[in-house]
Amino acid sequence: MREFEFVVTGSGAGGAAVAGRLAEEGAGVLLLERGGAASPQKDAMAAVSRYYCEGGYSSALGNTLLPIPTGAALGGSTTINSGTCLRPPAALLSGWEDSSQGAFRAGAFSAHVEEAWRRLKVKTAPERTLSRSSKLILEGFRRLGHAAAPLDRSEDGCLGAGRCCFVCPTDGKMTSKKAFLDPLKGKAALTLRPRTELTGIEPPSRDGEPVRLRVRSLDSGVTGELCCRTLVLSAGALHTPYFLRRWKLGNWREAGEGLSVHPASKLFALFDESVRGWEGVPQGVGLEDPEDGAIRYEGVYTPPELAAITMPLEGLRLKRWMDLYERVATFGFMIQDESRGSVRYPFGPRPLIRYSLGERDLSRMVRAARFAAEAFFAAGARKVVLPFNIPGNEFDSAQALRQADLSAVSPAAMQMMAFHPLGTCAAGRAVDWDLRACPGIFVCDGSVVPQSLGVNPQMTIYAFALRLAEHLLKNRAG
Amino acid sequence: MTARGPFSSRAVPAALLAAGTALILPYARAYAEHLGLEMSDEELGRALEHRLSLTPPLGRVLCTLGALLSRWVFPVLFARSLPPFDAMTPEGRELMLSRLQSYPSALLRGLFVSLRSVLLPVFYGGPRQLSKIGYAGGAGA
């Protein structure tokens, strides 16, 4: 039976960074990834079908329908994310240090965040790559007295092709694969096995014994067995809990609980001028709400071939907007949710996701929509559609918007998505603060983040991964 | 690594795709007519089949169910009109679509979203519509 020092499952922000960092120090690492290499597609829907989990149909059910797209390719969700990089709030890190009674060190973690920042070549989106959609909302916020600004992004040679979420056609985005795996190509320490899934775990009964694994090739169907000293599960917040629950690893009863998602939505605004929002970085600018730190506004732009699906309009009303899509700008927001959901697996590994939007979160979403719409009107928009599936969701003026009674907006009426599932194997609950589930088995992906962050999470996940790698290397040396 | 779902959208049997397309096509045709889109039956059928092939099996089932309900049941429920959708007046169709879109049920929305996910890219993601707005497409366009 082949033995590896480390086996890592999943090549997203968590898995690729752990695997890459370990291999850089000469540790023998096998990285398994269920997806394959992603390549740019002419049609955005083809990219969704090939490189998103469940072909993009992954959704939470509850008092609302909430699509939660995650990646299914080498690089995990970093292959399909917008590339936005934000540091975790210092107050959260301090809170974790307190609640962990020092097992988590905010200062040391911040150093890992900075290391990830350097590795991902994070830089502020330059003016030349901002879309007209971004520039319009910047101007709108400026006229209202609010300073939105270009966002920091993980990129290396971005040309503003506007396809961040559908596999960058110019390879300008720094994904986890590009940052941590590509530099190790040809190096013996890292063995990469795409299109391979983990199908069985036999945990060791005590420290020092190997972990036995069963794996299967998705292309050939061939199964095999191997073992390792240490297994790191990095399948993402929606999938990693399956392994803990299925094989009853550690505090497995906590696995799958505590799901936070950053509910997000967007507005559409019609202008008299040409916008062509598909030209330029879709998520180029952002700001924090001036009164409520739990609301973040960030750019978003859906290519025309998919945009109609995300508009809360139907029939001829929808057609009027789609015929004029060249003049349509969009902008979005997300919230640091207080609501919590769960993930269970009644049908094997496929997750059944439950999530209901609470009253306070709903009122934040409504407030955010109003605020962003005001900015669009300030920028000169002729019409704005709010993300509510209710009659009368189109407005012709800021005054009409201010007078609107939006009390009919319920969670079921919200047109929203969520891109940041977190917390389902939380540090301090399902795993300890070293991210250890049980002897020889660790977890490292968005599932370990113990609470809703309120900021795009990739930097935080990378930092957890670098921290774990440091811990594993230290134990290895010991 | 992501856990495997029991369904894979790869290698969809041609007969299954054709059957799904055939069930959805009458509703899609009526909807396209309602929007004033110039699409031949052949063009519509081909585009529909292509979109279905990109949809996971569960999505295809929901979409087909949504199309059948939209054609035969929702005209009565949402527009107090006799089915099928194809025979409704333009006002009746618009009323049904508008009420469906704003109906406050997450379950119904799931069904309707699956149908929209297939139909709307057919109507608004084809070369004619995209060139109308000056969009050349993504990578490789």
# chains A, B, ... in the order shown; residues from 1 in each chain; ligands from 1
$ interface_residues --of "chain A" --to "chain B" --cutoff "6 Å" --atoms "only C-alpha atoms" --output "PyMOL selection string"
chain A and resi 9-10+33-34+40-42+49+55+64-65+169+235+239+305+309+314-315+326+349-350+389-390+412-413
$ select_by_dssp --residues "region 341-466 of chain A" --states "strand (DSSP E)" --output "list in words"
Ser342, Val343, Arg344, Tyr345, Pro346, Phe347, Arg350, Pro351, Leu352, Ile353, Arg354, Lys383, Val384, Val385, Glu394, Phe395, Met417, Ala418, Arg436, Ala437, Cys438, Ile441, Phe442 and Val443 of chain A
$ residues_around --residues "Met1 (chain A)" --least-positions-apart "3" --cutoff "10 Å" --atoms "only C-alpha atoms" --output "list in words"
Phe4, Arg212, Gly224, Glu225, Leu226 and Cys227 of chain A
$ write_last_selection --atoms "all heavy atoms" --output "compact mmCIF listing (two decimals), in the first residue's frame"
# COMPACT_ATOMS: atom_id res chain seq x y z
N PHE A 4 2.02 8.02 1.98
CA PHE A 4 2.46 9.40 1.84
C PHE A 4 2.61 10.00 3.23
O PHE A 4 1.96 9.57 4.18
CB PHE A 4 1.45 10.22 1.03
CG PHE A 4 1.37 9.83 -0.42
CD1 PHE A 4 0.52 8.83 -0.83
CD2 PHE A 4 2.15 10.48 -1.37
CE1 PHE A 4 0.46 8.46 -2.17
CE2 PHE A 4 2.09 10.13 -2.70
CZ PHE A 4 1.24 9.11 -3.11
N ARG A 212 -5.64 5.29 7.02
CA ARG A 212 -5.84 4.50 5.79
C ARG A 212 -6.97 5.13 4.97
O ARG A 212 -8.01 5.50 5.52
CB ARG A 212 -6.18 3.06 6.13
CG ARG A 212 -5.03 2.31 6.79
CD ARG A 212 -5.45 0.89 7.17
NE ARG A 212 -4.43 0.27 7.99
CZ ARG A 212 -3.33 -0.30 7.53
NH1 ARG A 212 -3.11 -0.36 6.23
NH2 ARG A 212 -2.44 -0.82 8.35
N GLY A 224 -8.50 2.51 -5.22
CA GLY A 224 -7.22 2.12 -4.65
C GLY A 224 -7.16 2.46 -3.17
O GLY A 224 -8.04 3.16 -2.66
N GLU A 225 -6.17 1.92 -2.52
CA GLU A 225 -5.97 2.22 -1.11
C GLU A 225 -4.59 2.81 -0.90
O GLU A 225 -3.64 2.49 -1.63
CB GLU A 225 -6.11 0.93 -0.28
CG GLU A 225 -7.53 0.39 -0.26
CD GLU A 225 -7.69 -0.78 0.69
OE1 GLU A 225 -6.68 -1.26 1.24
OE2 GLU A 225 -8.84 -1.21 0.87
N LEU A 226 -4.50 3.69 0.05
CA LEU A 226 -3.21 4.26 0.41
C LEU A 226 -3.29 4.68 1.87
O LEU A 226 -4.35 4.60 2.49
CB LEU A 226 -2.85 5.44 -0.50
CG LEU A 226 -3.90 6.54 -0.67
CD1 LEU A 226 -3.67 7.65 0.33
CD2 LEU A 226 -3.84 7.11 -2.09
N CYS A 227 -2.15 5.08 2.38
CA CYS A 227 -2.17 5.55 3.76
C CYS A 227 -1.26 6.75 3.90
O CYS A 227 -0.43 7.04 3.02
CB CYS A 227 -1.80 4.44 4.74
SG CYS A 227 -0.16 3.76 4.51
$ residues_around --residues "region 204-208 of chain A" --least-positions-apart "2" --cutoff "8 Å" --atoms "only C-alpha atoms" --output "compact mmCIF listing (two decimals) with N, CA, C and O atoms, in the first residue's frame"
# COMPACT_ATOMS: atom_id res chain seq x y z
N GLU A 202 -10.12 5.35 7.23
CA GLU A 202 -10.00 4.51 8.43
C GLU A 202 -9.07 5.25 9.38
O GLU A 202 -7.85 5.22 9.20
N PRO A 210 -0.81 5.25 11.01
CA PRO A 210 -1.21 5.88 9.74
C PRO A 210 -2.73 5.95 9.60
O PRO A 210 -3.46 5.20 10.25
N VAL A 211 -3.14 6.88 8.75
CA VAL A 211 -4.54 6.99 8.35
C VAL A 211 -4.69 6.19 7.05
O VAL A 211 -3.91 6.40 6.11
N ARG A 212 -5.64 5.29 7.02
CA ARG A 212 -5.84 4.50 5.79
C ARG A 212 -6.97 5.13 4.97
O ARG A 212 -8.01 5.50 5.52
N ARG A 229 0.52 9.70 7.04
CA ARG A 229 0.73 10.04 8.45
C ARG A 229 -0.33 11.04 8.89
O ARG A 229 -0.83 10.99 10.01
N PRO A 439 -6.77 12.19 16.01
CA PRO A 439 -5.38 11.86 15.69
C PRO A 439 -5.15 11.67 14.21
O PRO A 439 -5.86 10.89 13.55
N GLY A 440 -4.20 12.43 13.66
CA GLY A 440 -3.80 12.28 12.27
C GLY A 440 -4.70 12.96 11.26
O GLY A 440 -4.40 12.92 10.06
$ residues_around --residues "Arg253 (chain A)" --least-positions-apart "3" --cutoff "10 Å" --atoms "only C-alpha atoms" --output "list of chain:residue names"
A:Pro241, A:Leu244, A:Arg245, A:Lys248, A:Leu249, A:Gly250, A:Gly256, A:Glu257, A:Cys425, A:Arg429, A:Ala430
$ write_last_selection --atoms "N, CA and C atoms" --output "PDB file, in the first residue's frame"
ATOM      1  N   PRO A 241     -17.783  18.545   6.070  1.00  0.00           N
ATOM      2  CA  PRO A 241     -18.497  17.915   7.189  1.00  0.00           C
ATOM      3  C   PRO A 241     -18.929  16.491   6.902  1.00  0.00           C
ATOM      4  N   LEU A 244     -16.383  14.041   8.267  1.00  0.00           N
ATOM      5  CA  LEU A 244     -16.387  13.927   9.723  1.00  0.00           C
ATOM      6  C   LEU A 244     -17.618  13.146  10.200  1.00  0.00           C
ATOM      7  N   ARG A 245     -18.755  13.431   9.610  1.00  0.00           N
ATOM      8  CA  ARG A 245     -19.982  12.772  10.058  1.00  0.00           C
ATOM      9  C   ARG A 245     -20.033  11.318   9.609  1.00  0.00           C
ATOM     10  N   LYS A 248     -17.436   9.473  11.615  1.00  0.00           N
ATOM     11  CA  LYS A 248     -17.514   9.827  13.029  1.00  0.00           C
ATOM     12  C   LYS A 248     -16.142  10.252  13.577  1.00  0.00           C
ATOM     13  N   LEU A 249     -15.592  11.267  12.946  1.00  0.00           N
ATOM     14  CA  LEU A 249     -14.267  11.734  13.315  1.00  0.00           C
ATOM     15  C   LEU A 249     -14.374  12.867  14.329  1.00  0.00           C
ATOM     16  N   GLY A 250     -13.703  12.727  15.445  1.00  0.00           N
ATOM     17  CA  GLY A 250     -13.650  13.776  16.450  1.00  0.00           C
ATOM     18  C   GLY A 250     -15.035  14.181  16.928  1.00  0.00           C
ATOM     19  N   GLY A 256     -21.165  20.262  10.338  1.00  0.00           N
ATOM     20  CA  GLY A 256     -22.367  20.548   9.567  1.00  0.00           C
ATOM     21  C   GLY A 256     -23.236  21.626  10.183  1.00  0.00           C
ATOM     22  N   GLU A 257     -22.950  21.962  11.438  1.00  0.00           N
ATOM     23  CA  GLU A 257     -23.719  23.035  12.086  1.00  0.00           C
ATOM     24  C   GLU A 257     -23.019  24.374  11.868  1.00  0.00           C
ATOM     25  N   CYS A 425     -17.268  23.309  10.224  1.00  0.00           N
ATOM     26  CA  CYS A 425     -16.375  22.487  11.070  1.00  0.00           C
ATOM     27  C   CYS A 425     -15.540  23.465  11.888  1.00  0.00           C
ATOM     28  N   ARG A 429     -15.001  24.146  17.895  1.00  0.00           N
ATOM     29  CA  ARG A 429     -16.242  23.347  18.043  1.00  0.00           C
ATOM     30  C   ARG A 429     -16.042  21.966  17.430  1.00  0.00           C
ATOM     31  N   ALA A 430     -16.070  21.862  16.113  1.00  0.00           N
ATOM     32  CA  ALA A 430     -15.888  20.555  15.460  1.00  0.00           C
ATOM     33  C   ALA A 430     -14.424  20.117  15.460  1.00  0.00           C
TER      34      ALA A 430
END
$ residues_around --residues "Ala18 (chain B)" --least-positions-apart "6" --cutoff "12 Å" --atoms "only C-alpha atoms" --output "list in words"
Val12, Ile24, Leu25, Gly45, Arg46, Ala47, Leu48, Glu49, His50, Arg51, Leu52, Ser53, Arg60 and Thr64 of chain B
$ write_last_selection --atoms "N, CA, C and O atoms" --output "tab-separated table (two decimals), in the first residue's frame"
chain	number	residue	atom	x	y	z
B	12	VAL	N	-25.06	12.77	-21.24
B	12	VAL	CA	-26.50	12.59	-21.13
B	12	VAL	C	-26.99	11.79	-22.32
B	12	VAL	O	-26.68	12.13	-23.46
B	24	ILE	N	-40.62	20.39	-23.03
B	24	ILE	CA	-40.48	21.82	-22.71
B	24	ILE	C	-40.82	22.70	-23.91
B	24	ILE	O	-41.28	23.84	-23.76
B	25	LEU	N	-40.60	22.18	-25.11
B	25	LEU	CA	-40.68	23.00	-26.32
B	25	LEU	C	-42.01	23.74	-26.51
B	25	LEU	O	-41.99	24.93	-26.86
B	45	GLY	N	-35.52	24.54	-30.65
B	45	GLY	CA	-35.28	23.18	-30.17
B	45	GLY	C	-33.81	22.89	-29.95
B	45	GLY	O	-33.40	22.29	-28.95
B	46	ARG	N	-32.98	23.37	-30.88
B	46	ARG	CA	-31.54	23.13	-30.78
B	46	ARG	C	-30.95	23.85	-29.59
B	46	ARG	O	-30.17	23.29	-28.81
B	47	ALA	N	-31.36	25.11	-29.42
B	47	ALA	CA	-30.85	25.92	-28.30
B	47	ALA	C	-31.29	25.32	-26.97
B	47	ALA	O	-30.53	25.26	-26.00
B	48	LEU	N	-32.53	24.86	-26.95
B	48	LEU	CA	-33.07	24.27	-25.72
B	48	LEU	C	-32.31	23.00	-25.36
B	48	LEU	O	-31.93	22.77	-24.20
B	49	GLU	N	-32.07	22.18	-26.35
B	49	GLU	CA	-31.36	20.92	-26.11
B	49	GLU	C	-29.94	21.20	-25.62
B	49	GLU	O	-29.44	20.52	-24.72
B	50	HIS	N	-29.32	22.21	-26.19
B	50	HIS	CA	-27.96	22.58	-25.77
B	50	HIS	C	-27.97	23.02	-24.31
B	50	HIS	O	-27.13	22.59	-23.51
B	51	ARG	N	-28.92	23.88	-23.95
B	51	ARG	CA	-28.98	24.36	-22.57
B	51	ARG	C	-29.28	23.22	-21.61
B	51	ARG	O	-28.73	23.15	-20.51
B	52	LEU	N	-30.16	22.31	-22.02
B	52	LEU	CA	-30.47	21.17	-21.16
B	52	LEU	C	-29.25	20.29	-20.96
B	52	LEU	O	-29.05	19.72	-19.88
B	53	SER	N	-28.43	20.18	-21.99
B	53	SER	CA	-27.24	19.34	-21.87
B	53	SER	C	-26.24	19.92	-20.86
B	53	SER	O	-25.40	19.21	-20.31
B	60	ARG	N	-32.66	19.38	-14.83
B	60	ARG	CA	-33.45	19.04	-16.02
B	60	ARG	C	-34.84	18.56	-15.62
B	60	ARG	O	-35.84	18.92	-16.24
B	64	THR	N	-38.26	20.58	-16.55
B	64	THR	CA	-39.33	19.93	-17.30
B	64	THR	C	-40.64	20.00	-16.53
B	64	THR	O	-41.69	20.33	-17.08
$ closest_residue --among "A:Leu181, A:Leu92, A:Leu198, A:Met45" --to "Leu218 (chain A)" --atoms "only C-alpha atoms"
A:Leu198
$ atom_distance --atom1 "CA of Ala373 (chain A)" --atom2 "CA of Pro303 (chain A)"
20.7 Å
$ closest_residue --among "A:Leu401, A:Val275, A:Ala369, A:Leu316" --to "Glu91 (chain B)" --atoms "only C-alpha atoms"
A:Leu316
